[in-house]
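*Asks:* Next up, my_file-v7.txt (compact mmCIF, C-alpha atoms and all ligand atoms).
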# COMPACT_ATOMS: atom_id res chain seq x y z
CA MET D 19 17.43 5.32 -6.90
CA SER D 20 15.34 6.18 -3.93
CA LEU D 21 12.47 4.76 -1.95
CA LEU D 22 9.16 6.52 -2.43
CA PRO D 23 6.50 6.86 0.28
CA ILE D 24 3.54 4.56 -0.42
CA ILE D 25 0.19 6.31 -0.19
CA ILE D 26 -2.49 4.49 1.74
CA VAL D 27 -6.27 4.66 1.86
CA PRO D 28 -8.33 6.80 2.01
CA ASP D 29 -6.03 9.24 0.16
CA PRO D 30 -8.02 10.62 -2.83
CA VAL D 31 -5.07 10.16 -5.24
CA LEU D 32 -5.88 6.43 -5.13
CA LYS D 33 -9.29 7.19 -6.67
CA GLU D 34 -7.88 9.29 -9.54
CA VAL D 35 -7.49 8.18 -13.14
CA ALA D 36 -3.84 8.31 -14.24
CA GLN D 37 -2.95 9.93 -17.57
CA PRO D 38 -1.19 8.25 -20.53
CA ILE D 39 2.58 8.69 -20.82
CA GLU D 40 3.56 10.46 -24.04
CA ASN D 41 7.36 10.17 -23.93
CA ILE D 42 9.73 7.92 -22.05
CA THR D 43 11.90 10.59 -20.53
CA GLU D 44 14.69 10.29 -17.97
CA ALA D 45 12.11 11.24 -15.34
CA ILE D 46 9.99 8.23 -16.34
CA GLN D 47 13.07 5.95 -16.24
CA LYS D 48 13.84 7.20 -12.75
CA GLN D 49 10.23 6.84 -11.64
CA ALA D 50 10.23 3.21 -12.83
CA ALA D 51 13.54 2.43 -11.08
CA ASP D 52 12.35 4.07 -7.85
CA MET D 53 9.03 2.22 -7.99
CA ILE D 54 10.79 -1.14 -8.47
CA GLU D 55 13.03 -0.42 -5.49
CA THR D 56 10.01 0.69 -3.43
CA MET D 57 8.02 -2.43 -4.42
CA TYR D 58 10.82 -4.80 -3.39
CA ASP D 59 11.40 -2.92 -0.16
CA ALA D 60 7.71 -2.98 0.84
CA PRO D 61 7.78 -5.95 0.00
CA GLY D 62 5.20 -6.38 -2.75
CA ILE D 63 4.70 -7.99 -6.16
CA GLY D 64 3.17 -4.94 -7.86
CA LEU D 65 3.08 -1.17 -7.51
CA ALA D 66 1.16 1.39 -9.57
CA ALA D 67 2.02 5.06 -10.08
CA ASN D 68 -1.03 6.34 -8.13
CA GLN D 69 0.32 4.56 -5.05
CA VAL D 70 3.38 6.81 -5.04
CA GLY D 71 1.36 9.93 -5.88
CA MET D 72 2.18 10.02 -9.60
CA LEU D 73 -0.81 10.13 -11.90
CA ASN D 74 0.67 8.60 -15.02
CA ARG D 75 -0.05 5.19 -16.51
CA LEU D 76 2.82 3.05 -15.33
CA PHE D 77 3.06 0.09 -13.03
CA VAL D 78 5.77 -2.35 -12.06
CA MET D 79 5.36 -5.99 -11.11
CA ASP D 80 7.33 -9.11 -10.27
CA VAL D 81 5.03 -11.97 -9.37
CA ASN D 82 8.00 -14.27 -8.80
CA TYR D 83 9.41 -12.08 -6.07
CA ARG D 84 9.77 -13.76 -2.73
CA LYS D 85 11.32 -12.19 0.33
CA ASN D 86 14.88 -13.41 0.92
CA ASP D 87 15.10 -14.54 -2.68
CA GLN D 88 17.79 -12.74 -4.65
CA SER D 89 16.18 -13.14 -8.06
CA ARG D 90 14.82 -9.90 -9.43
CA ASP D 91 12.74 -9.90 -12.56
CA ALA D 92 10.56 -6.80 -12.49
CA VAL D 93 8.55 -5.74 -15.53
CA VAL D 94 7.66 -2.10 -16.20
CA LEU D 95 4.34 -1.63 -18.00
CA ILE D 96 3.59 1.76 -19.55
CA ASN D 97 0.10 2.66 -20.88
CA PRO D 98 -1.11 -0.92 -20.32
CA GLU D 99 -4.44 -2.10 -21.69
CA ILE D 100 -6.21 -5.42 -21.51
CA ILE D 101 -6.72 -6.70 -25.06
CA TRP D 102 -8.23 -10.08 -24.16
CA ARG D 103 -9.78 -11.64 -21.06
CA SER D 104 -10.86 -15.25 -20.55
CA GLU D 105 -14.44 -16.16 -19.80
CA GLU D 106 -13.18 -18.52 -17.16
CA MET D 107 -12.91 -16.79 -13.81
CA SER D 108 -10.54 -17.20 -10.89
CA VAL D 109 -10.93 -16.31 -7.23
CA MET D 110 -7.80 -15.35 -5.32
CA GLU D 111 -7.02 -13.58 -2.08
CA GLU D 112 -5.62 -10.14 -2.82
CA GLY D 113 -3.84 -7.55 -0.75
CA CYS D 114 -2.53 -4.08 -1.55
CA LEU D 115 0.38 -2.00 -0.30
CA SER D 116 -2.03 0.94 -0.06
CA ILE D 117 -4.37 -1.09 2.18
CA PRO D 118 -1.81 -2.60 4.58
CA GLN D 119 -2.34 -6.03 6.10
CA GLN D 120 -5.87 -6.47 4.72
CA TYR D 121 -6.77 -9.33 2.41
CA ALA D 122 -9.93 -10.47 0.66
CA GLU D 123 -10.98 -12.80 -2.11
CA VAL D 124 -11.56 -11.17 -5.48
CA GLU D 125 -13.00 -12.80 -8.60
CA ARG D 126 -11.45 -11.84 -11.93
CA PRO D 127 -10.92 -13.36 -15.38
CA LYS D 128 -8.48 -16.27 -14.95
CA THR D 129 -6.33 -15.21 -17.92
CA VAL D 130 -5.73 -11.83 -19.53
CA ARG D 131 -3.55 -10.53 -22.34
CA VAL D 132 -2.15 -7.05 -21.82
CA LYS D 133 -0.57 -4.74 -24.37
CA TYR D 134 1.87 -2.15 -23.06
CA ILE D 135 4.94 -0.07 -23.87
CA ASP D 136 8.25 -1.02 -22.26
CA LEU D 137 10.94 1.38 -21.05
CA LYS D 138 12.59 1.28 -24.49
CA GLY D 139 9.36 2.47 -26.10
CA GLN D 140 8.64 -0.91 -27.70
CA VAL D 141 5.09 -2.30 -27.81
CA GLN D 142 4.90 -5.55 -25.89
CA GLU D 143 2.25 -8.09 -25.00
CA MET D 144 2.03 -10.26 -21.94
CA GLU D 145 -0.41 -13.04 -21.20
CA GLY D 146 -0.85 -14.31 -17.68
CA SER D 147 -3.10 -16.55 -15.65
CA ASP D 148 -4.01 -16.87 -11.99
CA LEU D 149 -1.62 -14.79 -9.82
CA THR D 150 -0.16 -12.98 -12.85
CA SER D 151 -3.63 -12.25 -14.20
CA HIS D 152 -4.87 -10.98 -10.82
CA CYS D 153 -1.77 -8.82 -10.43
CA LEU D 154 -2.04 -7.33 -13.94
CA GLN D 155 -5.71 -6.49 -13.40
CA HIS D 156 -5.19 -5.22 -9.83
CA GLU D 157 -2.38 -2.85 -10.93
CA LEU D 158 -4.24 -1.70 -14.02
CA ASP D 159 -7.25 -1.00 -11.82
CA HIS D 160 -5.08 1.33 -9.72
CA LEU D 161 -4.40 3.46 -12.82
CA ASN D 162 -8.18 3.82 -13.18
CA GLY D 163 -8.72 4.73 -9.54
CA THR D 164 -10.13 1.32 -8.57
CA LEU D 165 -9.03 -0.67 -5.52
CA PHE D 166 -9.63 -4.35 -4.81
CA ILE D 167 -11.90 -3.39 -1.91
CA ASP D 168 -14.22 -1.74 -4.44
CA TYR D 169 -15.25 -5.28 -5.46
CA LEU D 170 -16.35 -6.14 -1.91
CA SER D 171 -19.63 -5.39 -0.19
CA ARG D 172 -19.87 -1.94 1.36
CA LEU D 173 -19.95 -3.55 4.79
CA LYS D 174 -16.72 -5.44 4.20
CA ARG D 175 -15.04 -2.47 2.51
CA ASN D 176 -15.88 -0.15 5.40
CA MET D 177 -14.66 -2.71 7.89
CA ILE D 178 -11.28 -2.83 6.13
CA LEU D 179 -11.07 0.96 5.88
CA ARG D 180 -11.83 1.28 9.60
CA LYS D 181 -9.11 -1.24 10.45
CA VAL D 182 -6.53 0.66 8.40
CA ASP D 183 -7.68 3.95 9.95
CA LYS D 184 -7.23 2.46 13.41
CA MET D 185 -3.75 1.17 12.56
CA VAL D 186 -2.76 4.64 11.35
CA LYS D 187 -4.15 6.26 14.52
CA ASP D 188 -2.37 3.70 16.68
CA GLY D 189 0.86 4.54 14.88
CA GLN D 190 1.23 1.03 13.47
CA ILE D 191 1.70 2.35 9.95
CA LEU D 192 3.80 5.30 8.73
NI NI B 201 -2.69 -2.49 -4.90
Could you quickly redo this structure as structure tokens?
Ligand code: NI

*Replies:*
Amino acid sequence: MSLLPIIIVPDPVLKEVAQPIENITEAIQKQAADMIETMYDAPGIGLAANQVGMLNRLFVMDVNYRKNDQSRDAVVLINPEIIWRSEEMSVMEEGCLSIPQQYAEVERPKTVRVKYIDLKGQVQEMEGSDLTSHCLQHELDHLNGTLFIDYLSRLKRNMILRKVDKMVKDGQIL
């Protein structure tokens, strides 16, 4: 396994739509393993393929992950789609490994049910609320070229982008 570089804004690959995965090849298995390792190392609770420059529909997540905690329970979701969303909404502060150290409140359906393919090629469903729901939707958004800052006002979004740009120029990231 190896750590992959995480792409940060405003790289255009983050705005691209990722393509469905046709076959679960060894390359896909390796990509998933590398992404899990990269997510834990970051550290983060979710990572989508676009964020490591791969434009296929796969993301990994582990909402129970806490730094210094040894438990590891990552899920790999291939070709995920939301098949049900609650009418009830939830507001949570979100961050993103591609938008380092920036956080903002985002409103999303409180509960979603997602259908996906696992690494064995089996169709699976997962239902999650609150943090799990936000994470599922945030990561699925990545595969469609959408970032959490796209839900903010242009003023707020530009402020965040300028801050990240400044951190890059100051050598605080990468
Ligand atoms: Ni993200």

*Asks:* Which residues of chain D come within 12 Å of ligand NI 201 (chain B), and for each one, what is the closest pair of atoms and their distance in Å to one decimal, counting all atoms listed in the file, sorted by chain and residue number, as JSON lines?

*Replies:*
{"residue": "D:Ile24", "atom": "CA", "partner": "B:NI201", "partner_atom": "NI", "distance": 10.4}
{"residue": "D:Ile25", "atom": "CA", "partner": "B:NI201", "partner_atom": "NI", "distance": 10.4}
{"residue": "D:Ile26", "atom": "CA", "partner": "B:NI201", "partner_atom": "NI", "distance": 9.6}
{"residue": "D:Val27", "atom": "CA", "partner": "B:NI201", "partner_atom": "NI", "distance": 10.5}
{"residue": "D:Leu32", "atom": "CA", "partner": "B:NI201", "partner_atom": "NI", "distance": 9.5}
{"residue": "D:Lys33", "atom": "CA", "partner": "B:NI201", "partner_atom": "NI", "distance": 11.8}
{"residue": "D:Met57", "atom": "CA", "partner": "B:NI201", "partner_atom": "NI", "distance": 10.7}
{"residue": "D:Ala60", "atom": "CA", "partner": "B:NI201", "partner_atom": "NI", "distance": 11.9}
{"residue": "D:Gly62", "atom": "CA", "partner": "B:NI201", "partner_atom": "NI", "distance": 9.1}
{"residue": "D:Ile63", "atom": "CA", "partner": "B:NI201", "partner_atom": "NI", "distance": 9.3}
{"residue": "D:Gly64", "atom": "CA", "partner": "B:NI201", "partner_atom": "NI", "distance": 7.0}
{"residue": "D:Leu65", "atom": "CA", "partner": "B:NI201", "partner_atom": "NI", "distance": 6.5}
{"residue": "D:Ala66", "atom": "CA", "partner": "B:NI201", "partner_atom": "NI", "distance": 7.2}
{"residue": "D:Ala67", "atom": "CA", "partner": "B:NI201", "partner_atom": "NI", "distance": 10.3}
{"residue": "D:Asn68", "atom": "CA", "partner": "B:NI201", "partner_atom": "NI", "distance": 9.5}
{"residue": "D:Gln69", "atom": "CA", "partner": "B:NI201", "partner_atom": "NI", "distance": 7.7}
{"residue": "D:Val70", "atom": "CA", "partner": "B:NI201", "partner_atom": "NI", "distance": 11.1}
{"residue": "D:Phe77", "atom": "CA", "partner": "B:NI201", "partner_atom": "NI", "distance": 10.3}
{"residue": "D:Val78", "atom": "CA", "partner": "B:NI201", "partner_atom": "NI", "distance": 11.1}
{"residue": "D:Met79", "atom": "CA", "partner": "B:NI201", "partner_atom": "NI", "distance": 10.8}
{"residue": "D:Glu112", "atom": "CA", "partner": "B:NI201", "partner_atom": "NI", "distance": 8.5}
{"residue": "D:Gly113", "atom": "CA", "partner": "B:NI201", "partner_atom": "NI", "distance": 6.6}
{"residue": "D:Cys114", "atom": "CA", "partner": "B:NI201", "partner_atom": "NI", "distance": 3.7}
{"residue": "D:Leu115", "atom": "CA", "partner": "B:NI201", "partner_atom": "NI", "distance": 5.6}
{"residue": "D:Ser116", "atom": "CA", "partner": "B:NI201", "partner_atom": "NI", "distance": 6.0}
{"residue": "D:Ile117", "atom": "CA", "partner": "B:NI201", "partner_atom": "NI", "distance": 7.4}
{"residue": "D:Pro118", "atom": "CA", "partner": "B:NI201", "partner_atom": "NI", "distance": 9.5}
{"residue": "D:Gln119", "atom": "CA", "partner": "B:NI201", "partner_atom": "NI", "distance": 11.6}
{"residue": "D:Gln120", "atom": "CA", "partner": "B:NI201", "partner_atom": "NI", "distance": 10.9}
{"residue": "D:Tyr121", "atom": "CA", "partner": "B:NI201", "partner_atom": "NI", "distance": 10.8}
{"residue": "D:His152", "atom": "CA", "partner": "B:NI201", "partner_atom": "NI", "distance": 10.6}
{"residue": "D:Cys153", "atom": "CA", "partner": "B:NI201", "partner_atom": "NI", "distance": 8.5}
{"residue": "D:Leu154", "atom": "CA", "partner": "B:NI201", "partner_atom": "NI", "distance": 10.3}
{"residue": "D:Gln155", "atom": "CA", "partner": "B:NI201", "partner_atom": "NI", "distance": 9.9}
{"residue": "D:His156", "atom": "CA", "partner": "B:NI201", "partner_atom": "NI", "distance": 6.2}
{"residue": "D:Glu157", "atom": "CA", "partner": "B:NI201", "partner_atom": "NI", "distance": 6.0}
{"residue": "D:Leu158", "atom": "CA", "partner": "B:NI201", "partner_atom": "NI", "distance": 9.3}
{"residue": "D:Asp159", "atom": "CA", "partner": "B:NI201", "partner_atom": "NI", "distance": 8.4}
{"residue": "D:His160", "atom": "CA", "partner": "B:NI201", "partner_atom": "NI", "distance": 6.6}
{"residue": "D:Leu161", "atom": "CA", "partner": "B:NI201", "partner_atom": "NI", "distance": 10.1}
{"residue": "D:Asn162", "atom": "CA", "partner": "B:NI201", "partner_atom": "NI", "distance": 11.8}
{"residue": "D:Gly163", "atom": "CA", "partner": "B:NI201", "partner_atom": "NI", "distance": 10.5}
{"residue": "D:Thr164", "atom": "CA", "partner": "B:NI201", "partner_atom": "NI", "distance": 9.1}
{"residue": "D:Leu165", "atom": "CA", "partner": "B:NI201", "partner_atom": "NI", "distance": 6.6}
{"residue": "D:Phe166", "atom": "CA", "partner": "B:NI201", "partner_atom": "NI", "distance": 7.2}
{"residue": "D:Ile167", "atom": "CA", "partner": "B:NI201", "partner_atom": "NI", "distance": 9.7}
{"residue": "D:Asp168", "atom": "CA", "partner": "B:NI201", "partner_atom": "NI", "distance": 11.6}

*Asks:* Just want the 9 Å neighbourhood of Ile42 in chain D, counted on all atoms listed in the file, with same-chain residues fewer than 2 positions away dropped. Output as a list in words.

*Replies:* Ile39, Glu40, Glu44, Ala45, Ile46, Gln47, Leu137, Lys138 and Gly139 of chain D

*Asks:* Skip range 141-150 of chain D itself and residues of its chain fewer than 3 positions away, then list as a PyMOL selection string all residues within 10 Å of it, counting all atoms listed in the file.

*Replies:* chain D and resi 63+79-82+95-104+107-112+126-138+153-156

*Asks:* CA of Pro28 in chain D to CA of Arg175 in chain D: how many Å, to one decimal?

*Replies:*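 Straight-line distance from CA of Pro28 in chain D to CA of Arg175 in chain D works out to 11.5 Å.
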
*Asks:* When you count only C-alpha atoms, which of these residues is closest to Glu125 in chain D: D:Val93, D:Arg84, D:Tyr58, D:Leu170?

*Replies:*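 Nearest to Glu125 in chain D: D:Leu170.
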
*Asks:* When you write range 109-120 of chain D out from the block above, keep all heavy atoms and present the result as a PDB file, in the first residue's frame, please.

*Replies:*
ATOM      1  N   VAL D 109     -28.184  20.172   9.890  1.00  0.00           N
ATOM      2  CA  VAL D 109     -27.092  21.118   9.626  1.00  0.00           C
ATOM      3  C   VAL D 109     -25.875  20.656  10.419  1.00  0.00           C
ATOM      4  O   VAL D 109     -25.963  20.427  11.623  1.00  0.00           O
ATOM      5  CB  VAL D 109     -27.476  22.551  10.050  1.00  0.00           C
ATOM      6  CG1 VAL D 109     -26.282  23.493   9.870  1.00  0.00           C
ATOM      7  CG2 VAL D 109     -28.674  23.048   9.260  1.00  0.00           C
ATOM      8  N   MET D 110     -24.757  20.476   9.743  1.00  0.00           N
ATOM      9  CA  MET D 110     -23.527  20.091  10.435  1.00  0.00           C
ATOM     10  C   MET D 110     -22.356  20.852   9.846  1.00  0.00           C
ATOM     11  O   MET D 110     -22.366  21.220   8.675  1.00  0.00           O
ATOM     12  CB  MET D 110     -23.242  18.595  10.263  1.00  0.00           C
ATOM     13  CG  MET D 110     -24.105  17.687  11.111  1.00  0.00           C
ATOM     14  SD  MET D 110     -23.500  15.985  11.099  1.00  0.00           S
ATOM     15  CE  MET D 110     -22.334  16.081  12.441  1.00  0.00           C
ATOM     16  N   GLU D 111     -21.348  21.044  10.670  1.00  0.00           N
ATOM     17  CA  GLU D 111     -20.121  21.676  10.177  1.00  0.00           C
ATOM     18  C   GLU D 111     -19.338  20.623   9.395  1.00  0.00           C
ATOM     19  O   GLU D 111     -19.133  19.514   9.877  1.00  0.00           O
ATOM     20  CB  GLU D 111     -19.297  22.172  11.362  1.00  0.00           C
ATOM     21  CG  GLU D 111     -18.185  23.085  10.937  1.00  0.00           C
ATOM     22  CD  GLU D 111     -17.577  23.804  12.121  1.00  0.00           C
ATOM     23  OE1 GLU D 111     -16.886  23.132  12.911  1.00  0.00           O
ATOM     24  OE2 GLU D 111     -17.777  25.026  12.252  1.00  0.00           O
ATOM     25  N   GLU D 112     -18.948  20.982   8.179  1.00  0.00           N
ATOM     26  CA  GLU D 112     -18.173  20.059   7.357  1.00  0.00           C
ATOM     27  C   GLU D 112     -16.807  20.636   7.038  1.00  0.00           C
ATOM     28  O   GLU D 112     -16.617  21.847   7.024  1.00  0.00           O
ATOM     29  CB  GLU D 112     -18.921  19.766   6.037  1.00  0.00           C
ATOM     30  CG  GLU D 112     -20.231  19.023   6.258  1.00  0.00           C
ATOM     31  CD  GLU D 112     -20.868  18.537   4.954  1.00  0.00           C
ATOM     32  OE1 GLU D 112     -20.194  18.487   3.907  1.00  0.00           O
ATOM     33  OE2 GLU D 112     -22.071  18.197   5.017  1.00  0.00           O
ATOM     34  N   GLY D 113     -15.887  19.732   6.800  1.00  0.00           N
ATOM     35  CA  GLY D 113     -14.558  20.099   6.327  1.00  0.00           C
ATOM     36  C   GLY D 113     -14.225  19.156   5.193  1.00  0.00           C
ATOM     37  O   GLY D 113     -15.016  18.280   4.864  1.00  0.00           O
ATOM     38  N   CYS D 114     -13.058  19.345   4.586  1.00  0.00           N
ATOM     39  CA  CYS D 114     -12.699  18.506   3.437  1.00  0.00           C
ATOM     40  C   CYS D 114     -11.186  18.476   3.324  1.00  0.00           C
ATOM     41  O   CYS D 114     -10.545  19.516   3.432  1.00  0.00           O
ATOM     42  CB  CYS D 114     -13.313  19.102   2.172  1.00  0.00           C
ATOM     43  SG  CYS D 114     -12.971  18.153   0.688  1.00  0.00           S
ATOM     44  N   LEU D 115     -10.637  17.280   3.080  1.00  0.00           N
ATOM     45  CA  LEU D 115      -9.174  17.168   2.969  1.00  0.00           C
ATOM     46  C   LEU D 115      -8.646  17.956   1.770  1.00  0.00           C
ATOM     47  O   LEU D 115      -7.475  18.314   1.747  1.00  0.00           O
ATOM     48  CB  LEU D 115      -8.765  15.696   2.850  1.00  0.00           C
ATOM     49  CG  LEU D 115      -9.059  14.833   4.094  1.00  0.00           C
ATOM     50  CD1 LEU D 115      -8.740  13.368   3.808  1.00  0.00           C
ATOM     51  CD2 LEU D 115      -8.272  15.334   5.300  1.00  0.00           C
ATOM     52  N   SER D 116      -9.510  18.256   0.806  1.00  0.00           N
ATOM     53  CA  SER D 116      -9.087  19.032  -0.356  1.00  0.00           C
ATOM     54  C   SER D 116      -9.226  20.539  -0.132  1.00  0.00           C
ATOM     55  O   SER D 116      -8.868  21.340  -1.000  1.00  0.00           O
ATOM     56  CB  SER D 116      -9.914  18.630  -1.587  1.00  0.00           C
ATOM     57  OG  SER D 116      -9.622  17.289  -1.933  1.00  0.00           O
ATOM     58  N   ILE D 117      -9.776  20.903   1.042  1.00  0.00           N
ATOM     59  CA  ILE D 117      -9.945  22.316   1.395  1.00  0.00           C
ATOM     60  C   ILE D 117      -9.426  22.456   2.832  1.00  0.00           C
ATOM     61  O   ILE D 117     -10.206  22.649   3.768  1.00  0.00           O
ATOM     62  CB  ILE D 117     -11.422  22.759   1.292  1.00  0.00           C
ATOM     63  CG1 ILE D 117     -12.032  22.282  -0.041  1.00  0.00           C
ATOM     64  CG2 ILE D 117     -11.557  24.281   1.427  1.00  0.00           C
ATOM     65  CD1 ILE D 117     -13.541  22.467  -0.140  1.00  0.00           C
ATOM     66  N   PRO D 118      -8.108  22.313   3.014  1.00  0.00           N
ATOM     67  CA  PRO D 118      -7.551  22.108   4.355  1.00  0.00           C
ATOM     68  C   PRO D 118      -7.901  23.208   5.364  1.00  0.00           C
ATOM     69  O   PRO D 118      -7.856  24.391   5.035  1.00  0.00           O
ATOM     70  CB  PRO D 118      -6.041  22.046   4.127  1.00  0.00           C
ATOM     71  CG  PRO D 118      -5.816  22.195   2.677  1.00  0.00           C
ATOM     72  CD  PRO D 118      -7.110  22.331   1.974  1.00  0.00           C
ATOM     73  N   GLN D 119      -8.250  22.749   6.553  1.00  0.00           N
ATOM     74  CA  GLN D 119      -8.456  23.617   7.714  1.00  0.00           C
ATOM     75  C   GLN D 119      -9.578  24.635   7.566  1.00  0.00           C
ATOM     76  O   GLN D 119      -9.602  25.647   8.257  1.00  0.00           O
ATOM     77  CB  GLN D 119      -7.147  24.331   8.072  1.00  0.00           C
ATOM     78  CG  GLN D 119      -6.048  23.362   8.511  1.00  0.00           C
ATOM     79  CD  GLN D 119      -4.672  23.990   8.469  1.00  0.00           C
ATOM     80  OE1 GLN D 119      -4.491  25.081   9.009  1.00  0.00           O
ATOM     81  NE2 GLN D 119      -3.736  23.338   7.814  1.00  0.00           N
ATOM     82  N   GLN D 120     -10.523  24.370   6.659  1.00  0.00           N
ATOM     83  CA  GLN D 120     -11.660  25.274   6.486  1.00  0.00           C
ATOM     84  C   GLN D 120     -12.933  24.496   6.804  1.00  0.00           C
ATOM     85  O   GLN D 120     -13.084  23.352   6.374  1.00  0.00           O
ATOM     86  CB  GLN D 120     -11.721  25.803   5.052  1.00  0.00           C
ATOM     87  CG  GLN D 120     -10.428  26.429   4.568  1.00  0.00           C
ATOM     88  CD  GLN D 120      -9.955  27.576   5.445  1.00  0.00           C
ATOM     89  OE1 GLN D 120     -10.752  28.434   5.828  1.00  0.00           O
ATOM     90  NE2 GLN D 120      -8.678  27.580   5.798  1.00  0.00           N
TER      91      GLN D 120
END
